[in-house]
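Peer 1: File name entry.csv; file contents CSV, C-alpha atoms and all ligand atoms; full text below.
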chain,number,residue,atom,x,y,z
Z,1,MET,CA,40.9,28.3,23.2
Z,2,LEU,CA,44.0,26.1,23.5
Z,3,ARG,CA,46.1,25.6,26.6
Z,4,PRO,CA,49.4,27.5,26.4
Z,5,HIS,CA,52.0,25.7,24.4
Z,6,PRO,CA,55.5,26.9,23.4
Z,7,PHE,CA,55.7,28.0,19.8
Z,8,ARG,CA,57.8,30.1,17.5
Z,9,VAL,CA,56.8,32.9,15.1
Z,10,LEU,CA,59.3,34.3,12.6
Z,11,PRO,CA,58.0,37.3,10.6
Z,12,ASN,CA,59.6,36.7,7.2
Z,13,PRO,CA,62.7,38.9,7.1
Z,14,ARG,CA,62.7,38.8,3.3
Z,15,ALA,CA,59.0,39.4,2.8
Z,16,ARG,CA,58.3,41.5,-0.3
Z,17,GLY,CA,56.6,40.9,-3.6
Z,18,PRO,CA,57.7,37.6,-5.1
Z,19,GLY,CA,60.0,38.1,-8.1
Z,20,MET,CA,59.5,34.8,-9.8
Z,21,THR,CA,56.5,33.2,-11.6
Z,22,VAL,CA,56.6,29.6,-10.3
Z,23,LEU,CA,53.1,28.6,-11.6
Z,24,SER,CA,51.6,30.0,-14.7
Z,25,SER,CA,47.9,30.9,-14.9
Z,26,SER,CA,47.4,28.9,-18.1
Z,27,GLY,CA,48.8,25.8,-16.2
Z,28,PHE,CA,46.2,26.3,-13.5
Z,29,ARG,CA,43.4,26.7,-16.1
Z,30,ARG,CA,44.4,23.3,-17.6
Z,31,ALA,CA,44.5,21.7,-14.1
Z,32,LYS,CA,41.1,23.0,-13.2
Z,33,ALA,CA,39.5,21.9,-16.4
Z,34,GLU,CA,40.9,18.4,-16.1
Z,35,ILE,CA,40.3,17.7,-12.4
Z,36,THR,CA,36.8,19.2,-12.4
Z,37,SER,CA,35.9,16.9,-15.3
Z,38,TRP,CA,36.7,13.7,-13.3
Z,39,SER,CA,33.8,11.6,-12.0
Z,40,GLY,CA,33.4,12.1,-8.3
Z,41,TYR,CA,34.7,15.7,-8.4
Z,42,THR,CA,32.9,18.0,-6.0
Z,43,PRO,CA,34.1,21.1,-4.2
Z,44,THR,CA,34.9,20.4,-0.5
Z,45,PRO,CA,33.1,22.6,2.1
Z,46,LEU,CA,34.4,25.8,3.6
Z,47,ARG,CA,33.3,25.7,7.2
Z,48,ASP,CA,32.6,28.9,9.1
Z,49,LEU,CA,33.7,28.8,12.8
Z,50,PRO,CA,32.1,31.9,14.4
Z,51,ASP,CA,32.6,30.7,18.0
Z,52,VAL,CA,36.3,30.1,17.3
Z,53,ALA,CA,36.6,33.6,15.8
Z,54,ARG,CA,34.8,35.1,18.7
Z,55,SER,CA,36.8,33.4,21.4
Z,56,SER,CA,40.0,34.2,19.5
Z,57,GLY,CA,39.2,37.9,19.1
Z,58,LEU,CA,39.0,37.8,15.3
Z,59,ALA,CA,36.3,38.8,12.9
Z,60,ALA,CA,36.0,35.5,11.0
Z,61,VAL,CA,37.7,32.1,10.9
Z,62,ARG,CA,36.9,29.7,8.1
Z,63,LEU,CA,38.3,26.3,7.5
Z,64,LYS,CA,38.4,24.5,4.1
Z,65,ASP,CA,37.7,20.9,4.9
Z,66,GLU,CA,39.5,18.4,2.7
Z,67,ALA,CA,38.4,15.2,4.5
Z,68,MET,CA,36.1,14.2,1.8
Z,69,ARG,CA,38.2,14.9,-1.3
Z,70,PHE,CA,37.6,12.1,-3.9
Z,71,GLY,CA,37.0,9.7,-1.0
Z,72,LEU,CA,40.8,9.8,-0.3
Z,73,GLN,CA,40.6,11.9,2.8
Z,74,SER,CA,43.1,14.6,1.8
Z,75,PHE,CA,43.8,17.4,-0.7
Z,76,LYS,CA,46.6,15.4,-2.1
Z,77,ALA,CA,44.4,13.8,-4.8
Z,78,LEU,CA,44.4,17.2,-6.5
Z,79,GLY,CA,48.1,17.1,-7.1
Z,80,GLY,CA,49.4,13.5,-7.3
Z,81,ALA,CA,46.5,12.2,-9.2
Z,82,TYR,CA,46.5,15.1,-11.7
Z,83,ALA,CA,50.3,14.5,-12.2
Z,84,VAL,CA,49.8,10.8,-12.9
Z,85,GLY,CA,47.1,11.5,-15.5
Z,86,THR,CA,49.2,14.2,-17.2
Z,87,LEU,CA,52.3,12.0,-17.2
Z,88,LEU,CA,50.5,9.0,-18.8
Z,89,LEU,CA,49.0,11.2,-21.5
Z,90,ASN,CA,52.4,12.7,-22.2
Z,91,GLU,CA,53.9,9.3,-22.4
Z,92,LEU,CA,51.3,8.1,-24.8
Z,93,ALA,CA,51.9,11.1,-27.0
Z,94,ARG,CA,55.7,10.9,-26.7
Z,95,THR,CA,55.9,7.2,-27.7
Z,96,GLY,CA,53.4,7.7,-30.5
Z,97,ALA,CA,50.9,5.3,-29.0
Z,98,ALA,CA,48.1,7.9,-28.9
Z,99,SER,CA,48.5,11.6,-29.4
Z,100,GLY,CA,45.0,12.9,-28.6
Z,101,ALA,CA,44.1,10.7,-25.6
Z,102,THR,CA,42.2,12.0,-22.6
Z,103,THR,CA,42.0,10.8,-19.0
Z,104,ALA,CA,38.5,9.6,-19.8
Z,105,ASP,CA,40.1,7.2,-22.4
Z,106,LEU,CA,42.6,6.1,-19.8
Z,107,GLU,CA,39.8,5.4,-17.3
Z,108,ALA,CA,37.9,3.5,-19.9
Z,109,GLY,CA,41.0,1.3,-20.4
Z,110,THR,CA,41.3,2.3,-24.1
Z,111,HIS,CA,45.1,2.4,-23.8
Z,112,ALA,CA,45.5,-0.1,-21.0
Z,113,PRO,CA,47.9,-2.5,-23.0
Z,114,VAL,CA,50.3,0.5,-23.1
Z,115,THR,CA,49.7,2.2,-19.8
Z,116,ARG,CA,50.0,-1.1,-17.8
Z,117,CYS,CA,53.7,-1.2,-18.9
Z,118,ILE,CA,54.3,2.3,-17.4
Z,119,THR,CA,55.3,2.3,-13.7
Z,120,VAL,CA,54.8,5.4,-11.6
Z,121,THR,CA,56.5,5.6,-8.2
Z,122,CYS,CA,57.0,8.0,-5.3
Z,123,ALA,CA,58.0,8.2,-1.7
Z,124,THR,CA,55.3,9.1,0.8
Z,125,ASP,CA,54.2,9.7,4.4
Z,126,GLY,CA,50.8,8.4,3.4
Z,127,ASN,CA,48.6,10.9,1.6
Z,128,HIS,CA,50.6,11.6,-1.5
Z,129,GLY,CA,51.2,7.9,-2.1
Z,130,ARG,CA,47.6,7.1,-1.7
Z,131,ALA,CA,46.7,9.7,-4.3
Z,132,VAL,CA,49.3,8.4,-6.7
Z,133,ALA,CA,48.1,4.8,-6.2
Z,134,TRP,CA,44.5,5.8,-6.6
Z,135,ALA,CA,45.3,7.5,-9.9
Z,136,ALA,CA,47.4,4.7,-11.2
Z,137,GLN,CA,44.6,2.3,-10.6
Z,138,ARG,CA,42.0,4.6,-12.1
Z,139,PHE,CA,44.2,5.4,-15.2
Z,140,ARG,CA,45.5,1.8,-15.5
Z,141,ALA,CA,49.3,2.1,-14.8
Z,142,ARG,CA,51.6,0.1,-12.5
Z,143,CYS,CA,52.5,1.7,-9.2
Z,144,VAL,CA,55.3,1.1,-6.6
Z,145,ILE,CA,55.2,3.3,-3.5
Z,146,PHE,CA,58.1,3.8,-1.1
Z,147,ILE,CA,57.3,4.3,2.6
Z,148,HIS,CA,59.7,4.9,5.4
Z,149,ALA,CA,59.9,3.1,8.8
Z,150,GLY,CA,57.6,5.6,10.5
Z,151,VAL,CA,54.6,5.3,8.2
Z,152,SER,CA,51.8,3.5,10.1
Z,153,GLN,CA,50.5,0.1,8.9
Z,154,ALA,CA,47.0,1.6,8.5
Z,155,ARG,CA,48.4,4.2,6.1
Z,156,ALA,CA,50.4,1.6,4.2
Z,157,GLU,CA,47.2,-0.6,3.8
Z,158,ALA,CA,45.2,2.4,2.6
Z,159,ILE,CA,47.7,2.7,-0.3
Z,160,ALA,CA,47.9,-1.0,-1.0
Z,161,ARG,CA,44.1,-1.1,-1.3
Z,162,TYR,CA,44.5,0.7,-4.7
Z,163,GLY,CA,46.7,-2.1,-6.1
Z,164,ALA,CA,50.1,-0.5,-5.5
Z,165,GLU,CA,53.2,-2.5,-4.5
Z,166,ILE,CA,54.5,-1.1,-1.2
Z,167,ARG,CA,58.2,-1.0,-0.4
Z,168,ARG,CA,59.1,-0.1,3.2
Z,169,VAL,CA,62.6,1.2,3.6
Z,170,PRO,CA,64.7,2.1,6.6
Z,171,GLY,CA,65.1,5.8,7.6
Z,172,ALA,CA,62.9,8.8,7.2
Z,173,TYR,CA,60.9,10.5,4.4
Z,174,ASP,CA,64.0,11.8,2.7
Z,175,ASP,CA,65.6,8.3,2.6
Z,176,ALA,CA,62.4,7.0,0.9
Z,177,VAL,CA,62.6,9.8,-1.7
Z,178,ARG,CA,66.2,8.8,-2.5
Z,179,ASP,CA,65.3,5.1,-2.8
Z,180,ALA,CA,62.4,5.8,-5.1
Z,181,ALA,CA,64.6,7.9,-7.3
Z,182,GLN,CA,67.3,5.2,-7.5
Z,183,GLU,CA,64.9,2.4,-8.3
Z,184,ALA,CA,63.2,4.5,-10.9
Z,185,ASP,CA,66.5,5.2,-12.5
Z,186,ALA,CA,67.4,1.5,-12.5
Z,187,HIS,CA,64.1,0.3,-14.0
Z,188,GLY,CA,62.9,3.2,-16.2
Z,189,TRP,CA,60.0,4.1,-13.9
Z,190,HIS,CA,58.5,7.5,-13.6
Z,191,VAL,CA,59.0,9.4,-10.3
Z,192,VAL,CA,55.9,11.4,-9.3
Z,193,SER,CA,57.4,13.4,-6.5
Z,194,ASP,CA,55.6,16.1,-4.6
Z,195,THR,CA,58.9,17.8,-3.8
Z,196,SER,CA,61.2,19.4,-6.4
Z,197,TRP,CA,65.0,19.9,-6.6
Z,198,PRO,CA,67.3,21.4,-9.1
Z,199,GLY,CA,66.7,19.5,-12.4
Z,200,TYR,CA,63.4,17.9,-11.2
Z,201,THR,CA,60.6,20.5,-11.4
Z,202,GLU,CA,58.1,19.5,-14.1
Z,203,ILE,CA,56.0,17.0,-12.2
Z,204,PRO,CA,56.0,18.9,-8.9
Z,205,ARG,CA,54.9,22.0,-10.8
Z,206,THR,CA,52.0,20.0,-12.2
Z,207,ILE,CA,51.2,18.8,-8.7
Z,208,MET,CA,51.2,22.3,-7.3
Z,209,GLN,CA,48.9,23.5,-10.1
Z,210,GLY,CA,46.4,20.8,-9.0
Z,211,TYR,CA,46.6,22.0,-5.3
Z,212,ARG,CA,45.6,25.4,-6.4
Z,213,LEU,CA,42.1,24.1,-7.1
Z,214,MET,CA,41.6,23.8,-3.3
Z,215,ALA,CA,42.4,27.5,-2.9
Z,216,ASP,CA,40.3,28.4,-5.9
Z,217,GLU,CA,37.3,26.7,-4.4
Z,218,ALA,CA,37.9,28.5,-1.1
Z,219,ALA,CA,38.1,31.8,-2.8
Z,220,ASP,CA,34.8,31.1,-4.7
Z,221,GLN,CA,33.1,30.0,-1.4
Z,222,TRP,CA,34.3,33.0,0.5
Z,223,THR,CA,31.7,35.7,1.3
Z,224,GLY,CA,31.8,39.1,3.0
Z,225,ASP,CA,35.1,41.0,3.7
Z,226,PRO,CA,38.0,39.4,2.0
Z,227,PRO,CA,40.5,37.2,3.9
Z,228,THR,CA,43.3,39.2,5.7
Z,229,HIS,CA,45.3,36.2,6.7
Z,230,VAL,CA,45.8,32.6,5.5
Z,231,PHE,CA,47.3,29.9,7.8
Z,232,ILE,CA,48.6,26.9,5.9
Z,233,GLN,CA,50.7,24.0,7.1
Z,234,GLY,CA,54.1,23.2,5.5
Z,235,GLY,CA,55.8,19.9,4.8
Z,236,VAL,CA,58.1,20.6,1.8
Z,237,GLY,CA,56.0,23.7,1.2
Z,238,GLY,CA,54.3,22.7,-2.0
Z,239,VAL,CA,50.8,23.3,-0.8
Z,240,ALA,CA,51.7,26.5,1.0
Z,241,ALA,CA,53.3,27.9,-2.1
Z,242,ALA,CA,50.3,26.8,-4.3
Z,243,VAL,CA,47.9,28.5,-1.9
Z,244,SER,CA,50.1,31.6,-1.7
Z,245,ILE,CA,50.2,31.9,-5.5
Z,246,HIS,CA,46.5,31.4,-5.8
Z,247,MET,CA,45.6,33.9,-3.1
Z,248,ARG,CA,47.8,36.5,-4.8
Z,249,ALA,CA,45.9,35.8,-8.0
Z,250,ARG,CA,42.4,36.0,-6.4
Z,251,PHE,CA,42.7,38.7,-3.8
Z,252,LYS,CA,44.1,42.2,-4.0
Z,253,PRO,CA,45.6,43.1,-1.6
Z,254,SER,CA,46.6,39.5,-1.0
Z,255,PRO,CA,46.2,38.1,2.5
Z,256,ALA,CA,49.2,37.6,4.8
Z,257,LEU,CA,50.3,34.0,4.4
Z,258,VAL,CA,51.5,32.3,7.6
Z,259,VAL,CA,53.2,28.9,7.1
Z,260,VAL,CA,52.9,26.6,10.1
Z,261,GLU,CA,55.2,23.6,10.6
Z,262,PRO,CA,55.9,21.0,13.4
Z,263,ASP,CA,58.6,22.4,15.7
Z,264,ARG,CA,60.6,19.2,15.1
Z,265,ALA,CA,60.4,19.5,11.3
Z,266,ALA,CA,60.5,23.2,10.6
Z,267,CYS,CA,62.6,23.3,7.5
Z,268,LEU,CA,60.8,26.3,5.9
Z,269,LEU,CA,61.2,28.4,9.1
Z,270,ALA,CA,64.9,27.4,9.2
Z,271,SER,CA,65.3,28.4,5.6
Z,272,ALA,CA,63.7,31.8,6.2
Z,273,GLN,CA,66.0,32.2,9.2
Z,274,VAL,CA,69.2,31.7,7.1
Z,275,GLY,CA,67.8,33.3,3.9
Z,276,GLU,CA,68.1,30.3,1.6
Z,277,ARG,CA,66.6,26.8,1.1
Z,278,THR,CA,68.1,24.7,3.9
Z,279,ALA,CA,67.9,21.1,4.9
Z,280,ILE,CA,67.6,20.5,8.7
Z,281,GLY,CA,69.2,17.7,10.6
Z,282,ASP,CA,66.5,17.3,13.1
Z,283,ASP,CA,65.0,13.9,13.8
Z,284,LEU,CA,61.7,15.0,12.3
Z,285,ASP,CA,60.0,13.0,15.0
Z,286,THR,CA,56.5,14.5,14.9
Z,287,ILE,CA,53.0,13.0,14.9
Z,288,MET,CA,52.2,15.4,12.1
Z,289,ALA,CA,53.5,12.7,9.6
Z,290,GLY,CA,52.6,14.6,6.4
Z,291,LEU,CA,54.7,17.5,7.6
Z,292,ALA,CA,57.8,15.6,8.7
Z,293,CYS,CA,60.0,16.9,5.9
Z,294,GLY,CA,63.6,18.0,6.3
Z,295,GLU,CA,64.1,20.0,3.1
Z,296,PRO,CA,61.9,22.5,1.3
Z,297,SER,CA,60.8,21.9,-2.3
Z,298,LEU,CA,62.8,24.1,-4.6
Z,299,LEU,CA,59.7,25.5,-6.4
Z,300,ALA,CA,57.9,26.1,-3.1
Z,301,TRP,CA,60.8,28.0,-1.7
Z,302,GLN,CA,61.0,30.2,-4.8
Z,303,GLU,CA,57.6,31.4,-3.9
Z,304,LEU,CA,57.6,31.4,-0.1
Z,305,ASP,CA,61.0,33.0,0.3
Z,306,ARG,CA,59.5,36.3,-0.4
Z,307,ALA,CA,55.7,35.8,-0.5
Z,308,ALA,CA,55.2,34.3,3.0
Z,309,ALA,CA,54.5,36.9,5.7
Z,310,ALA,CA,55.6,34.7,8.5
Z,311,PHE,CA,56.6,31.1,9.6
Z,312,MET,CA,55.5,29.4,12.7
Z,313,ALA,CA,56.6,26.2,14.5
Z,314,ILE,CA,54.2,24.4,16.8
Z,315,PRO,CA,54.4,21.4,19.1
Z,316,ASP,CA,52.6,18.1,18.6
Z,317,GLU,CA,50.5,18.8,21.7
Z,318,ALA,CA,48.9,21.8,20.1
Z,319,ALA,CA,47.9,19.8,17.0
Z,320,VAL,CA,46.3,17.1,19.1
Z,321,GLU,CA,44.3,19.6,21.2
Z,322,THR,CA,43.1,21.3,18.0
Z,323,MET,CA,42.0,17.9,16.6
Z,324,ARG,CA,39.8,17.5,19.6
Z,325,LEU,CA,38.5,21.1,19.4
Z,326,LEU,CA,37.5,20.5,15.8
Z,327,ALA,CA,36.0,17.1,16.5
Z,328,HIS,CA,33.7,18.8,19.1
Z,329,ARG,CA,32.5,20.9,16.2
Z,330,GLY,CA,31.8,17.9,14.0
Z,331,ILE,CA,35.0,18.4,11.9
Z,332,GLU,CA,37.3,15.4,11.4
Z,333,SER,CA,40.9,16.7,10.9
Z,334,GLY,CA,44.0,14.6,11.1
Z,335,GLU,CA,47.4,15.3,12.8
Z,336,SER,CA,48.8,17.2,9.7
Z,337,GLY,CA,45.4,18.5,8.8
Z,338,VAL,CA,45.1,20.8,11.8
Z,339,ALA,CA,48.5,22.4,11.9
Z,340,GLY,CA,47.5,25.6,10.2
Z,341,ILE,CA,44.5,26.4,12.4
Z,342,ALA,CA,46.4,25.2,15.4
Z,343,GLY,CA,49.0,27.8,14.6
Z,344,LEU,CA,46.3,30.4,14.3
Z,345,LEU,CA,44.8,29.5,17.7
Z,346,LEU,CA,48.2,29.7,19.4
Z,347,ALA,CA,49.1,33.0,17.7
Z,348,ALA,CA,45.7,34.6,18.4
Z,349,SER,CA,46.0,33.9,22.2
Z,350,ASP,CA,49.5,35.5,22.5
Z,351,PRO,CA,49.6,39.3,22.5
Z,352,ALA,CA,53.1,39.5,21.0
Z,353,ALA,CA,52.3,37.0,18.2
Z,354,ARG,CA,49.0,38.9,17.5
Z,355,ALA,CA,50.9,42.1,17.1
Z,356,SER,CA,53.6,40.7,14.9
Z,357,LEU,CA,51.1,38.9,12.6
Z,358,GLY,CA,48.7,41.9,12.6
Z,359,LEU,CA,45.8,39.8,14.0
Z,360,ASP,CA,43.0,41.8,15.5
Z,361,GLY,CA,39.2,42.1,15.8
Z,362,GLU,CA,39.0,43.0,12.1
Z,363,SER,CA,40.9,39.9,10.9
Z,364,CYS,CA,39.2,37.4,8.6
Z,365,VAL,CA,41.2,34.2,8.5
Z,366,LEU,CA,41.2,31.3,6.1
Z,367,ALA,CA,42.8,28.0,7.2
Z,368,PHE,CA,42.9,24.6,5.5
Z,369,SER,CA,42.2,21.3,7.1
Z,370,THR,CA,44.2,19.3,4.6
Z,371,GLU,CA,43.2,15.8,5.7
Z,372,GLY,CA,40.6,13.9,7.7
Z,373,GLY,CA,41.5,11.1,10.1
Z,374,THR,CA,43.7,9.3,7.6
Z,375,ASP,CA,44.7,6.7,10.2
Z,376,ALA,CA,41.4,5.9,11.8
Z,377,ALA,CA,42.7,4.2,14.9
Z,378,LEU,CA,45.3,6.8,15.6
Z,379,TYR,CA,42.8,9.6,15.0
Z,380,THR,CA,40.4,8.1,17.6
Z,381,ARG,CA,43.1,7.5,20.1
Z,382,LEU,CA,44.4,11.1,19.8
Z,383,VAL,CA,41.0,12.7,19.9
Z,384,GLN,CA,40.1,10.8,23.0
Z,385,SER,CA,43.5,11.2,24.7
Z,386,ILE,CA,43.3,14.6,26.3
Z,401,LIG,C1,47.6,16.3,5.2
Z,401,LIG,C2,48.7,17.1,4.7
Z,401,LIG,N1,48.8,18.4,4.9
Z,401,LIG,C3,49.8,19.1,4.4
Z,401,LIG,C4,50.9,18.5,3.8
Z,401,LIG,C5,52.1,19.3,3.4
Z,401,LIG,O1,52.2,19.4,2.0
Z,401,LIG,P1,53.6,19.9,1.4
Z,401,LIG,O2,54.6,18.8,1.6
Z,401,LIG,O3,53.3,20.2,0.0
Z,401,LIG,O4,54.0,21.1,2.2
Z,401,LIG,C6,50.9,17.1,3.6
Z,401,LIG,C7,52.0,16.4,2.9
Z,401,LIG,O5,52.0,15.2,2.8
Z,401,LIG,C8,49.8,16.4,4.0
Z,401,LIG,O6,49.7,15.0,3.9
Please go through the file and, once you have read it, give me the structure as structure tokens.
Peer 2:
Amino acid sequence: MLRPHPFRVLPNPRARGPGMTVLSSSGFRRAKAEITSWSGYTPTPLRDLPDVARSSGLAAVRLKDEAMRFGLQSFKALGGAYAVGTLLLNELARTGAASGATTADLEAGTHAPVTRCITVTCATDGNHGRAVAWAAQRFRARCVIFIHAGVSQARAEAIARYGAEIRRVPGAYDDAVRDAAQEADAHGWHVVSDTSWPGYTEIPRTIMQGYRLMADEAADQWTGDPPTHVFIQGGVGGVAAAVSIHMRARFKPSPALVVVEPDRAACLLASAQVGERTAIGDDLDTIMAGLACGEPSLLAWQELDRAAAAFMAIPDEAAVETMRLLAHRGIESGESGVAGIAGLLLAASDPAARASLGLDGESCVLAFSTEGGTDAALYTRLVQSI
């Protein structure tokens, strides 16, 4: 289905049952109750791709399509927005301003005089910052978003549209993370980061609980034989870990989870190779902007280290070709959105990869298109480029 492209597959040398509970089931129940109560909430579609399955020699391929999530074009609203709402409610309770407030109260502006004095901030490649800015506007907080030099102007404008102040800083994603943390420290702002590190886990954990809703919907929408494989893209690994945890909760036996990264930003694969969470020194120069991360999230790694079945690294060209393949089927999926299914298409057409991942004519595969064409001009250019 795709032209041949070089790619890497690493069966997880440490794969076995995960030993640590990273996300509690009660935390997910709270996230689900909250997010599904928001106006505008509706499950995104699970798209069946029978011709892709047939030509790849698989029983089924289904793609969860996040392009329409809350009008924000990516799954990220489930995490960042949920974390902003939770943080504001916690702040109202902690400071004694309002102990039983709800996000409906925040949206109605009931506590706006207090919440407007609370600043939320984060670093982003685009999608997470857009979700945080959207929630800050909706829940009446101030918002400052840090973007690095490589974030496109269109993505910056999409964030600014929600009233956030944008600060562009030199360097890459990890530099923006550092700057956001420093400024937050200096001014008493609240960092809403989608990656975690030792000593900073509460908010990223909340974000990952929100991401699980995407997997939960997919499990509800799934019909017929259960999924045998899940292909999910990795940036810092937060969404891959959330999907992994949720698939384990919903399916027994749990499907084999394959984490797919850009070959120029494969920090999860590199970590699996050395057996511990590892930062990579690569230039992270990939068009898959949402996946251009150099260091795994601590929480994500605690799950994926043992729960992932395999890691893959794919080139940009495979992502672009997959965008076009999906566009021909009426599915709009952006550069980072296609990575999981691009990995599947590459692996399915390679006998050695098929064998090592256990892909065959009985395999039922779930993949996630985690974004639509979040930079419209770039999307059009790439889809028309081949
Ligand atoms: C569209 C899209 N897909 C996947 C990811 C990867 O998520 P994570 O960093 O949690 O691995 C991102 C991250 O920004 C993204 O924007």
Peer 1: Point out the residue among Z:Phe146, Z:Trp197, Z:Phe368, Z:Phe139 with the least atom-to-atom distance to Z:Ala219, counting only C-alpha atoms.
Peer 2: Z:Phe368
Peer 1: Could you list, as a ChimeraX atom specification, all protein and nucleic acid residues with an atom at most 7 Å from ligand LIG 401 (chain Z), counting only C-alpha atoms and all ligand atoms?
Peer 2: /Z:74,76,125-128,194-195,233-240,290-291,336-337,370-371
Peer 1: Which residues are near Z:Gly281? Cut-off 10 Å, all atoms listed in the file, ignore same chain within fewer than 5 positions. Put them as a PyMOL selection string.
Peer 2: chain Z and resi 264-265+267+294-295
Peer 1: Fewer than 3 positions away in the same chain doesn't count, so skip those; otherwise give me all residues within 12 Å of Z:Ala376, counting all atoms listed in the file, as a list in words.
Peer 2: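 The filter keeps Gln73, Ser152, Gln153, Ala154, Arg155, Glu157, Ala158, Glu332, Ser333, Gly334, Glu335, Glu371, Gly372, Gly373, Tyr379, Thr380, Arg381, Leu382 and Val383 of chain Z.
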Peer 1: From the list Z:Leu344, Z:Met208, Z:Ala172, Z:Val320, which residue is nearest Z:Cys364 when using only C-alpha atoms?
Peer 2: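 Nearest candidate to Z:Cys364 out of Z:Leu344, Z:Met208, Z:Ala172, Z:Val320: Z:Leu344.
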Peer 1: Rounded to one decimal in Å, what is the spacing between atom CA of Z:Gly85 and atom CA of Z:Ala292?
Peer 2: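 Atom-to-atom, atom CA of Z:Gly85 and atom CA of Z:Ala292 are spaced 26.8 Å apart.
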Peer 1: How close does stretch 206-293 of chain Z get to stretch 7-17 of chain Z? List, as CSV, each residue of stretch 206-293 of chain Z within 9 Å, its nearest atom pair and the distance in Å to one decimal, counting only C-alpha atoms.
Peer 2:
residue,atom,partner,partner_atom,distance
Z:Val258,CA,Z:Pro11,CA,8.7
Z:Val260,CA,Z:Val9,CA,8.9
Z:Asp263,CA,Z:Phe7,CA,7.5
Z:Leu269,CA,Z:Leu10,CA,7.1
Z:Ala272,CA,Z:Asn12,CA,6.5
Z:Gln273,CA,Z:Pro13,CA,7.8
Z:Gly275,CA,Z:Arg14,CA,7.5
Peer 1: Between Z:Ile287, Z:Ala67, Z:Thr21, Z:Ile341, single out the one closest to Z:Leu378, counting all atoms listed in the file.
Peer 2: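 The closest residue to Z:Leu378 is Z:Ile287.
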Peer 1: With a distance cut-off of 10 Å and all atoms listed in the file, select the neighbouring residues of Z:Pro45, excluding the residue or stretch itself and same-chain residues fewer than 4 positions from it, and output the selection as a ChimeraX atom specification.
Peer 2: /Z:63-69,217-218,221
Peer 1: Of the candidates Z:Ala97, Z:Leu49, Z:Ala104, Z:Cys143, which one gets nearest to Z:Thr119 if we count all atoms listed in the file?
Peer 2: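 Between Z:Ala97, Z:Leu49, Z:Ala104, Z:Cys143, the residue approaching Z:Thr119 most closely is Z:Cys143.
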Peer 1: Given the choices Z:Gln209, Z:Arg140, Z:Val52, Z:Gly330, which gets closest to Z:Ser26 if the distance is worked out from only C-alpha atoms?
Peer 2: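 Closest to Z:Ser26, using only C-alpha atoms: Z:Gln209.
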Peer 1: Which residue, Z:Ala300, Z:Pro204, Z:Gly109, Z:Leu2, has the smallest gap to Z:Gly80 when you use all atoms listed in the file?
Peer 2: Z:Pro204
Peer 1: Please indicate the distance in Å from atom CA of Z:Phe251 to atom CA of Z:Ser349, rounded to one decimal place.
Peer 2: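 Between these atoms lies a distance of 26.6 Å.
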Peer 1: Go ahead and find all residues with at least one atom no further than 7 Å from (59.4, 12.5, 10.3) in the file's coordinates, using all atoms listed in the file; report them as a list in words.
Peer 2: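 Collected hits near the coordinates: Ala172, Tyr173, Asp283, Leu284, Asp285, Thr286, Ala289, Ala292 and Cys293 of chain Z.
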Peer 1: Report, in Å to a single decimal, how far apart atom CA of Z:Asn90 and atom CA of Z:Val22 are.
Peer 2: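 Between these atoms lies a distance of 21.1 Å.
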Peer 1: Excluding same-chain residues fewer than 6 positions from Z:Ala83, what lies within 7 Å of it counting all atoms listed in the file, as a list of chain:residue names?
Peer 2: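 Contacts, with the query itself left out: Z:Ile203, Z:Thr206, Z:Ile207.
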Peer 1: Skip Z:Leu346 itself and residues of its chain fewer than 6 positions away, then list as an MDAnalysis selection string all residues within 10 Å of it, counting all atoms listed in the file.
Peer 2: chainID Z and resid 1:8 56 312 314 318 322 353:354
